[in-house]
Amino acid sequence: MTIGIAVTGAAGRMGREVLAAVDDHDDCDVAFAVNREPDGESVEGVSLEPAETFATLLAESEPDVVIDFTGPESALEYAQACVDTGVAFVTGTTGFDDDERATLEAASDEIPVLHAPNFARGVQALVNVVGDAVQQLEGYDVELVETHHNAKRDAPSGTANRLLEEIEANGDFAGRKHGREGFDPREDGEIGVHVLRAGNVTGEHEIVIADNHEEVRLTHRAEDRGVFAAGAVDAAAWIAGAKAGWYDFADVIDE
Ligand SMILES: NC(=O)C1=CN([C@@H]2O[C@H](COP(=O)(O)OP(=O)(O)OC[C@H]3O[C@@H](n4cnc5c(N)ncnc54)[C@H](OP(=O)(O)O)[C@@H]3O)[C@@H](O)[C@H]2O)C=CC1
Ligand SMILES: O=C(O)C1=N[C@H](C(=O)O)C[C@H](O)C1
């Protein structure tokens, strides 16, 4: 059975990669693709439709899954349209505030929703090991540095926030410290968080754990956005036919 996939934000950095990754996947086909102002544009041979036609296209072409990499506001609009039509929703969009996140989670009462701030398998491995490292090195200083391209809007990255949650769940920390300047020495137990935005960096995350005349660095570096897109399409193939619920990329990898 072929899995029909609709793609939002299809002219964006990630949307383009997702269309290519769907094309590469043996079991998946593009149902349709939308972008805010497509201007007659085609990507990977798929002509892009205006975002305002999304709900109509969804009802007409009945895809199995929508893959979304846009922004928090539009992701929630697309999720609502999926609820209205009973279509599964996979989103890699980051930067949701607490209310937006709760709205997205509420959609999973009605349809399958999978949200992952990072669809790279290496990042999932990093999420899996960082808690152990912090536990084994109790009392060591922990700092996180992330670097992305100069057009990224949200900071820290969704991945950084996910890693920070994992670190905080595995140690007794005093809170996050975003950047430093002036006379501002490190306080015991704080987690330093540092955000770099430069050039065309695809995405780097590094956790530094140091004390006792030693230093451990856990680093993930994405070399190409194709890694995120391939993971998102694997997630879409996995979630097609799943029951309503809240899923993350670990569910896909663990299976
Ligand atoms: N989970 C993961 O593995 C990854 C997640 N991301 C996340 O994906 C998201 C997109 O990143 P990226 O592709 O680099 O961003 P881009 O800005 O390149 O693309 C976003 C696309 O979404 C469209 N869009 C934005 N707002 C709306 C809206 N309100 N209605 C309709 N369309 C909209 C944009 O259209 P327009 O051009 O008209 O603004 C654009 O085509 C970000 O949140 C990013 O953090 C990125 C990489 C990997
Ligand atoms: O905006 C990006 O580019 C990326 N965003 C994601 C995030 O916020 O964690 C994932 C990846 O690092 C690239």
# chains A, B, ... in the order shown; residues from 1 in each chain; ligands from 1
>>> select_by_dssp(residues="region 63-242 of chain A", states="strand (DSSP E or B)", output="ChimeraX atom specification")
/A:65-68,88-91,112-115,141-148,175-178,190-197,204-211,214-221
>>> residues_around(residues="region 11-21 of chain A", least_positions_apart="5", cutoff="8 Å", atoms="only C-alpha atoms", output="PyMOL selection string")
chain A and resi 30+35+38+43-44+48+68-70+225-226+229-230+232-233
>>> residues_near_ligand(ligand="ligand 2", cutoff="7 Å", atoms="only C-alpha atoms and all ligand atoms", output="MDAnalysis selection string")
chainID A and resid 94 117:118 148:149 152 154 157:160 202:204
>>> write_last_selection(atoms="N, CA and C atoms", output="PDB file, in the first residue's frame")
ATOM      1  N   THR A  94       9.607  23.890  15.413  1.00  0.00           N
ATOM      2  CA  THR A  94      10.067  24.188  16.775  1.00  0.00           C
ATOM      3  C   THR A  94       9.628  25.604  17.160  1.00  0.00           C
ATOM      4  N   PRO A 117      11.579  17.632  17.786  1.00  0.00           N
ATOM      5  CA  PRO A 117      12.359  18.826  17.463  1.00  0.00           C
ATOM      6  C   PRO A 117      13.573  18.501  16.587  1.00  0.00           C
ATOM      7  N   ASN A 118      13.863  17.194  16.448  1.00  0.00           N
ATOM      8  CA  ASN A 118      15.004  16.820  15.605  1.00  0.00           C
ATOM      9  C   ASN A 118      14.794  15.385  15.106  1.00  0.00           C
ATOM     10  N   HIS A 148      23.410  27.348  14.654  1.00  0.00           N
ATOM     11  CA  HIS A 148      22.571  27.177  13.463  1.00  0.00           C
ATOM     12  C   HIS A 148      22.798  28.329  12.492  1.00  0.00           C
ATOM     13  N   HIS A 149      22.281  28.155  11.293  1.00  0.00           N
ATOM     14  CA  HIS A 149      22.315  29.160  10.215  1.00  0.00           C
ATOM     15  C   HIS A 149      21.699  30.496  10.669  1.00  0.00           C
ATOM     16  N   LYS A 152      17.665  31.181  11.240  1.00  0.00           N
ATOM     17  CA  LYS A 152      16.816  30.474  12.218  1.00  0.00           C
ATOM     18  C   LYS A 152      16.155  31.493  13.144  1.00  0.00           C
ATOM     19  N   ASP A 154      13.904  30.738  16.061  1.00  0.00           N
ATOM     20  CA  ASP A 154      13.730  30.432  17.492  1.00  0.00           C
ATOM     21  C   ASP A 154      15.078  30.132  18.164  1.00  0.00           C
ATOM     22  N   SER A 157      17.399  26.355  20.197  1.00  0.00           N
ATOM     23  CA  SER A 157      16.731  25.440  19.273  1.00  0.00           C
ATOM     24  C   SER A 157      15.825  24.474  20.033  1.00  0.00           C
ATOM     25  N   GLY A 158      14.868  23.903  19.304  1.00  0.00           N
ATOM     26  CA  GLY A 158      13.999  22.884  19.911  1.00  0.00           C
ATOM     27  C   GLY A 158      14.813  21.710  20.427  1.00  0.00           C
ATOM     28  N   THR A 159      15.851  21.345  19.698  1.00  0.00           N
ATOM     29  CA  THR A 159      16.713  20.232  20.122  1.00  0.00           C
ATOM     30  C   THR A 159      17.423  20.571  21.430  1.00  0.00           C
ATOM     31  N   ALA A 160      17.939  21.808  21.516  1.00  0.00           N
ATOM     32  CA  ALA A 160      18.616  22.230  22.749  1.00  0.00           C
ATOM     33  C   ALA A 160      17.649  22.128  23.929  1.00  0.00           C
ATOM     34  N   THR A 202      24.047  23.867   9.358  1.00  0.00           N
ATOM     35  CA  THR A 202      22.823  23.046   9.336  1.00  0.00           C
ATOM     36  C   THR A 202      22.291  22.821  10.745  1.00  0.00           C
ATOM     37  N   GLY A 203      23.186  22.567  11.700  1.00  0.00           N
ATOM     38  CA  GLY A 203      22.734  22.367  13.087  1.00  0.00           C
ATOM     39  C   GLY A 203      23.760  21.606  13.898  1.00  0.00           C
ATOM     40  N   GLU A 204      24.277  22.231  14.960  1.00  0.00           N
ATOM     41  CA  GLU A 204      25.248  21.577  15.839  1.00  0.00           C
ATOM     42  C   GLU A 204      24.803  21.748  17.280  1.00  0.00           C
TER      43      GLU A 204
END
>>> select_by_dssp(residues="region 2-233 of chain A", states="helix (DSSP H, G or I)", output="ChimeraX atom specification")
/A:13-24,51-61,72-85,98-107,121-136,158-168,226-233
>>> write_last_selection(atoms="C-alpha atoms", output="JSON list (two decimals), in the first residue's frame")
[["chain", "number", "residue", "atom", "x", "y", "z"],
["A", 13, "ARG", "CA", 14.54, 24.82, 3.54],
["A", 14, "MET", "CA", 13.00, 21.70, 5.09],
["A", 15, "GLY", "CA", 9.90, 21.46, 2.89],
["A", 16, "ARG", "CA", 12.09, 21.03, -0.20],
["A", 17, "GLU", "CA", 14.11, 18.30, 1.48],
["A", 18, "VAL", "CA", 10.93, 16.52, 2.58],
["A", 19, "LEU", "CA", 9.61, 16.43, -1.00],
["A", 20, "ALA", "CA", 12.90, 14.89, -2.13],
["A", 21, "ALA", "CA", 12.84, 12.36, 0.74],
["A", 22, "VAL", "CA", 9.24, 11.30, -0.03],
["A", 23, "ASP", "CA", 10.32, 10.74, -3.63],
["A", 24, "ASP", "CA", 13.20, 8.55, -2.38],
["A", 51, "ALA", "CA", -1.56, 27.56, 1.92],
["A", 52, "GLU", "CA", -5.16, 28.83, 2.11],
["A", 53, "THR", "CA", -6.31, 25.86, -0.02],
["A", 54, "PHE", "CA", -4.87, 23.36, 2.47],
["A", 55, "ALA", "CA", -8.15, 22.34, 4.18],
["A", 56, "THR", "CA", -9.93, 21.86, 0.84],
["A", 57, "LEU", "CA", -7.06, 19.82, -0.61],
["A", 58, "LEU", "CA", -6.94, 17.70, 2.54],
["A", 59, "ALA", "CA", -10.64, 16.84, 2.25],
["A", 60, "GLU", "CA", -10.39, 16.17, -1.50],
["A", 61, "SER", "CA", -7.22, 14.09, -1.73],
["A", 72, "PRO", "CA", 4.25, 27.41, 15.43],
["A", 73, "GLU", "CA", 1.18, 29.42, 14.38],
["A", 74, "SER", "CA", 0.78, 27.76, 10.99],
["A", 75, "ALA", "CA", 1.59, 24.31, 12.38],
["A", 76, "LEU", "CA", -1.38, 24.65, 14.75],
["A", 77, "GLU", "CA", -3.66, 25.71, 11.89],
["A", 78, "TYR", "CA", -2.55, 22.70, 9.84],
["A", 79, "ALA", "CA", -2.98, 20.41, 12.86],
["A", 80, "GLN", "CA", -6.56, 21.65, 13.32],
["A", 81, "ALA", "CA", -7.35, 20.93, 9.67],
["A", 82, "CYS", "CA", -5.96, 17.41, 10.22],
["A", 83, "VAL", "CA", -8.22, 16.98, 13.26],
["A", 84, "ASP", "CA", -11.22, 18.08, 11.14],
["A", 85, "THR", "CA", -10.45, 15.46, 8.48],
["A", 98, "ASP", "CA", 3.65, 26.37, 26.44],
["A", 99, "ASP", "CA", 0.10, 27.22, 25.31],
["A", 100, "GLU", "CA", 0.85, 26.31, 21.69],
["A", 101, "ARG", "CA", 2.42, 23.05, 22.78],
["A", 102, "ALA", "CA", -0.68, 22.25, 24.86],
["A", 103, "THR", "CA", -2.91, 22.97, 21.84],
["A", 104, "LEU", "CA", -0.82, 20.63, 19.70],
["A", 105, "GLU", "CA", -0.97, 17.93, 22.37],
["A", 106, "ALA", "CA", -4.76, 18.33, 22.59],
["A", 107, "ALA", "CA", -5.02, 17.51, 18.87],
["A", 121, "ARG", "CA", 18.82, 9.44, 14.49],
["A", 122, "GLY", "CA", 22.10, 10.64, 16.00],
["A", 123, "VAL", "CA", 20.28, 13.31, 18.00],
["A", 124, "GLN", "CA", 17.89, 10.69, 19.36],
["A", 125, "ALA", "CA", 20.96, 8.69, 20.46],
["A", 126, "LEU", "CA", 22.35, 11.82, 22.12],
["A", 127, "VAL", "CA", 19.04, 12.38, 23.96],
["A", 128, "ASN", "CA", 19.22, 8.75, 25.11],
["A", 129, "VAL", "CA", 22.75, 8.98, 26.56],
["A", 130, "VAL", "CA", 23.01, 12.51, 27.94],
["A", 131, "GLY", "CA", 20.98, 11.75, 31.09],
["A", 132, "ASP", "CA", 23.26, 8.83, 31.96],
["A", 133, "ALA", "CA", 26.37, 10.95, 31.45],
["A", 134, "VAL", "CA", 25.06, 13.71, 33.72],
["A", 135, "GLN", "CA", 24.04, 11.19, 36.40],
["A", 136, "GLN", "CA", 27.44, 9.50, 36.35],
["A", 158, "GLY", "CA", 14.00, 22.88, 19.91],
["A", 159, "THR", "CA", 16.71, 20.23, 20.12],
["A", 160, "ALA", "CA", 18.62, 22.23, 22.75],
["A", 161, "ASN", "CA", 15.45, 22.52, 24.83],
["A", 162, "ARG", "CA", 14.85, 18.77, 24.55],
["A", 163, "LEU", "CA", 18.45, 18.02, 25.64],
["A", 164, "LEU", "CA", 18.12, 20.49, 28.53],
["A", 165, "GLU", "CA", 14.95, 18.75, 29.75],
["A", 166, "GLU", "CA", 16.84, 15.44, 29.75],
["A", 167, "ILE", "CA", 19.80, 16.97, 31.62],
["A", 168, "GLU", "CA", 17.54, 18.60, 34.22],
["A", 226, "GLY", "CA", 18.39, 15.48, 4.20],
["A", 227, "VAL", "CA", 19.01, 13.65, 7.48],
["A", 228, "PHE", "CA", 16.05, 15.46, 9.12],
["A", 229, "ALA", "CA", 13.81, 14.95, 6.08],
["A", 230, "ALA", "CA", 14.53, 11.21, 5.84],
["A", 231, "GLY", "CA", 13.69, 10.82, 9.54],
["A", 232, "ALA", "CA", 10.43, 12.75, 9.12],
["A", 233, "VAL", "CA", 9.36, 10.56, 6.19]]
>>> atom_distance(atom1="CA of Thr93 (chain A)", atom2="CA of Glu206 (chain A)")
20.9 Å
>>> decode(residues="region 134-146 of chain A", atoms="all heavy atoms", output="mmCIF file, in the first residue's frame")
data_model
loop_
_atom_site.group_PDB
_atom_site.id
_atom_site.type_symbol
_atom_site.label_atom_id
_atom_site.label_comp_id
_atom_site.auth_asym_id
_atom_site.auth_seq_id
_atom_site.Cartn_x
_atom_site.Cartn_y
_atom_site.Cartn_z
ATOM 1 N N VAL A 134 25.219 12.705 32.667
ATOM 2 C CA VAL A 134 25.062 13.712 33.722
ATOM 3 C C VAL A 134 24.929 13.034 35.100
ATOM 4 O O VAL A 134 25.502 13.492 36.092
ATOM 5 C CB VAL A 134 23.828 14.590 33.387
ATOM 6 C CG1 VAL A 134 23.351 15.357 34.590
ATOM 7 C CG2 VAL A 134 24.163 15.540 32.251
ATOM 8 N N GLN A 135 24.201 11.922 35.123
ATOM 9 C CA GLN A 135 24.043 11.187 36.398
ATOM 10 C C GLN A 135 25.374 10.650 36.887
ATOM 11 O O GLN A 135 25.701 10.737 38.074
ATOM 12 C CB GLN A 135 23.106 10.003 36.178
ATOM 13 C CG GLN A 135 21.709 10.262 36.666
ATOM 14 C CD GLN A 135 20.853 9.008 36.600
ATOM 15 O OE1 GLN A 135 21.327 7.896 36.807
ATOM 16 N NE2 GLN A 135 19.589 9.201 36.293
ATOM 17 N N GLN A 136 26.164 10.094 35.954
ATOM 18 C CA GLN A 136 27.440 9.496 36.346
ATOM 19 C C GLN A 136 28.454 10.555 36.759
ATOM 20 O O GLN A 136 29.396 10.268 37.496
ATOM 21 C CB GLN A 136 28.000 8.661 35.193
ATOM 22 C CG GLN A 136 27.214 7.378 34.978
ATOM 23 C CD GLN A 136 27.713 6.597 33.768
ATOM 24 O OE1 GLN A 136 28.919 6.551 33.532
ATOM 25 N NE2 GLN A 136 26.807 6.015 33.025
ATOM 26 N N LEU A 137 28.268 11.781 36.270
ATOM 27 C CA LEU A 137 29.214 12.864 36.591
ATOM 28 C C LEU A 137 28.519 13.903 37.475
ATOM 29 O O LEU A 137 28.593 15.108 37.234
ATOM 30 C CB LEU A 137 29.734 13.484 35.287
ATOM 31 C CG LEU A 137 30.482 12.481 34.393
ATOM 32 C CD1 LEU A 137 30.798 13.078 33.038
ATOM 33 C CD2 LEU A 137 31.767 11.991 35.074
ATOM 34 N N GLU A 138 27.868 13.424 38.506
ATOM 35 C CA GLU A 138 27.093 14.276 39.419
ATOM 36 C C GLU A 138 27.972 15.404 39.980
ATOM 37 O O GLU A 138 29.115 15.160 40.395
ATOM 38 C CB GLU A 138 26.577 13.409 40.577
ATOM 39 C CG GLU A 138 25.545 14.113 41.416
ATOM 40 C CD GLU A 138 25.199 13.292 42.657
ATOM 41 O OE1 GLU A 138 25.525 12.090 42.697
ATOM 42 O OE2 GLU A 138 24.631 13.896 43.582
ATOM 43 N N GLY A 139 27.463 16.616 39.962
ATOM 44 C CA GLY A 139 28.197 17.754 40.520
ATOM 45 C C GLY A 139 29.126 18.433 39.523
ATOM 46 O O GLY A 139 29.663 19.503 39.794
ATOM 47 N N TYR A 140 29.323 17.857 38.332
ATOM 48 C CA TYR A 140 30.172 18.489 37.316
ATOM 49 C C TYR A 140 29.406 19.678 36.703
ATOM 50 O O TYR A 140 28.182 19.718 36.713
ATOM 51 C CB TYR A 140 30.494 17.489 36.195
ATOM 52 C CG TYR A 140 31.617 16.507 36.507
ATOM 53 C CD1 TYR A 140 31.752 15.916 37.760
ATOM 54 C CD2 TYR A 140 32.549 16.161 35.529
ATOM 55 C CE1 TYR A 140 32.777 15.022 38.026
ATOM 56 C CE2 TYR A 140 33.578 15.262 35.788
ATOM 57 C CZ TYR A 140 33.679 14.698 37.041
ATOM 58 O OH TYR A 140 34.692 13.822 37.301
ATOM 59 N N ASP A 141 30.160 20.634 36.164
ATOM 60 C CA ASP A 141 29.541 21.761 35.448
ATOM 61 C C ASP A 141 28.986 21.263 34.114
ATOM 62 O O ASP A 141 29.650 20.485 33.415
ATOM 63 C CB ASP A 141 30.581 22.850 35.158
ATOM 64 C CG ASP A 141 31.152 23.440 36.436
ATOM 65 O OD1 ASP A 141 30.464 23.392 37.474
ATOM 66 O OD2 ASP A 141 32.294 23.939 36.386
ATOM 67 N N VAL A 142 27.797 21.754 33.757
ATOM 68 C CA VAL A 142 27.197 21.369 32.468
ATOM 69 C C VAL A 142 26.865 22.637 31.681
ATOM 70 O O VAL A 142 26.231 23.556 32.213
ATOM 71 C CB VAL A 142 25.906 20.538 32.676
ATOM 72 C CG1 VAL A 142 25.299 20.159 31.329
ATOM 73 C CG2 VAL A 142 26.197 19.285 33.507
ATOM 74 N N GLU A 143 27.315 22.685 30.437
ATOM 75 C CA GLU A 143 26.990 23.804 29.546
ATOM 76 C C GLU A 143 26.575 23.242 28.188
ATOM 77 O O GLU A 143 27.082 22.198 27.762
ATOM 78 C CB GLU A 143 28.200 24.730 29.359
ATOM 79 C CG GLU A 143 28.754 25.289 30.660
ATOM 80 C CD GLU A 143 28.444 26.768 30.891
ATOM 81 O OE1 GLU A 143 28.356 27.518 29.908
ATOM 82 O OE2 GLU A 143 28.308 27.171 32.070
ATOM 83 N N LEU A 144 25.659 23.942 27.532
ATOM 84 C CA LEU A 144 25.214 23.498 26.203
ATOM 85 C C LEU A 144 25.435 24.640 25.195
ATOM 86 O O LEU A 144 25.106 25.789 25.483
ATOM 87 C CB LEU A 144 23.728 23.115 26.261
ATOM 88 C CG LEU A 144 23.116 22.544 24.979
ATOM 89 C CD1 LEU A 144 21.996 21.550 25.315
ATOM 90 C CD2 LEU A 144 22.569 23.628 24.070
ATOM 91 N N VAL A 145 25.989 24.284 24.057
ATOM 92 C CA VAL A 145 26.201 25.260 22.977
ATOM 93 C C VAL A 145 25.514 24.745 21.725
ATOM 94 O O VAL A 145 25.707 23.580 21.358
ATOM 95 C CB VAL A 145 27.707 25.438 22.661
ATOM 96 C CG1 VAL A 145 27.907 26.562 21.639
ATOM 97 C CG2 VAL A 145 28.509 25.707 23.917
ATOM 98 N N GLU A 146 24.696 25.587 21.091
ATOM 99 C CA GLU A 146 24.110 25.169 19.801
ATOM 100 C C GLU A 146 24.382 26.218 18.743
ATOM 101 O O GLU A 146 24.380 27.422 19.033
ATOM 102 C CB GLU A 146 22.614 24.847 19.950
ATOM 103 C CG GLU A 146 21.722 25.989 20.431
ATOM 104 C CD GLU A 146 20.935 26.667 19.325
ATOM 105 O OE1 GLU A 146 21.431 26.736 18.194
ATOM 106 O OE2 GLU A 146 19.836 27.179 19.622
#
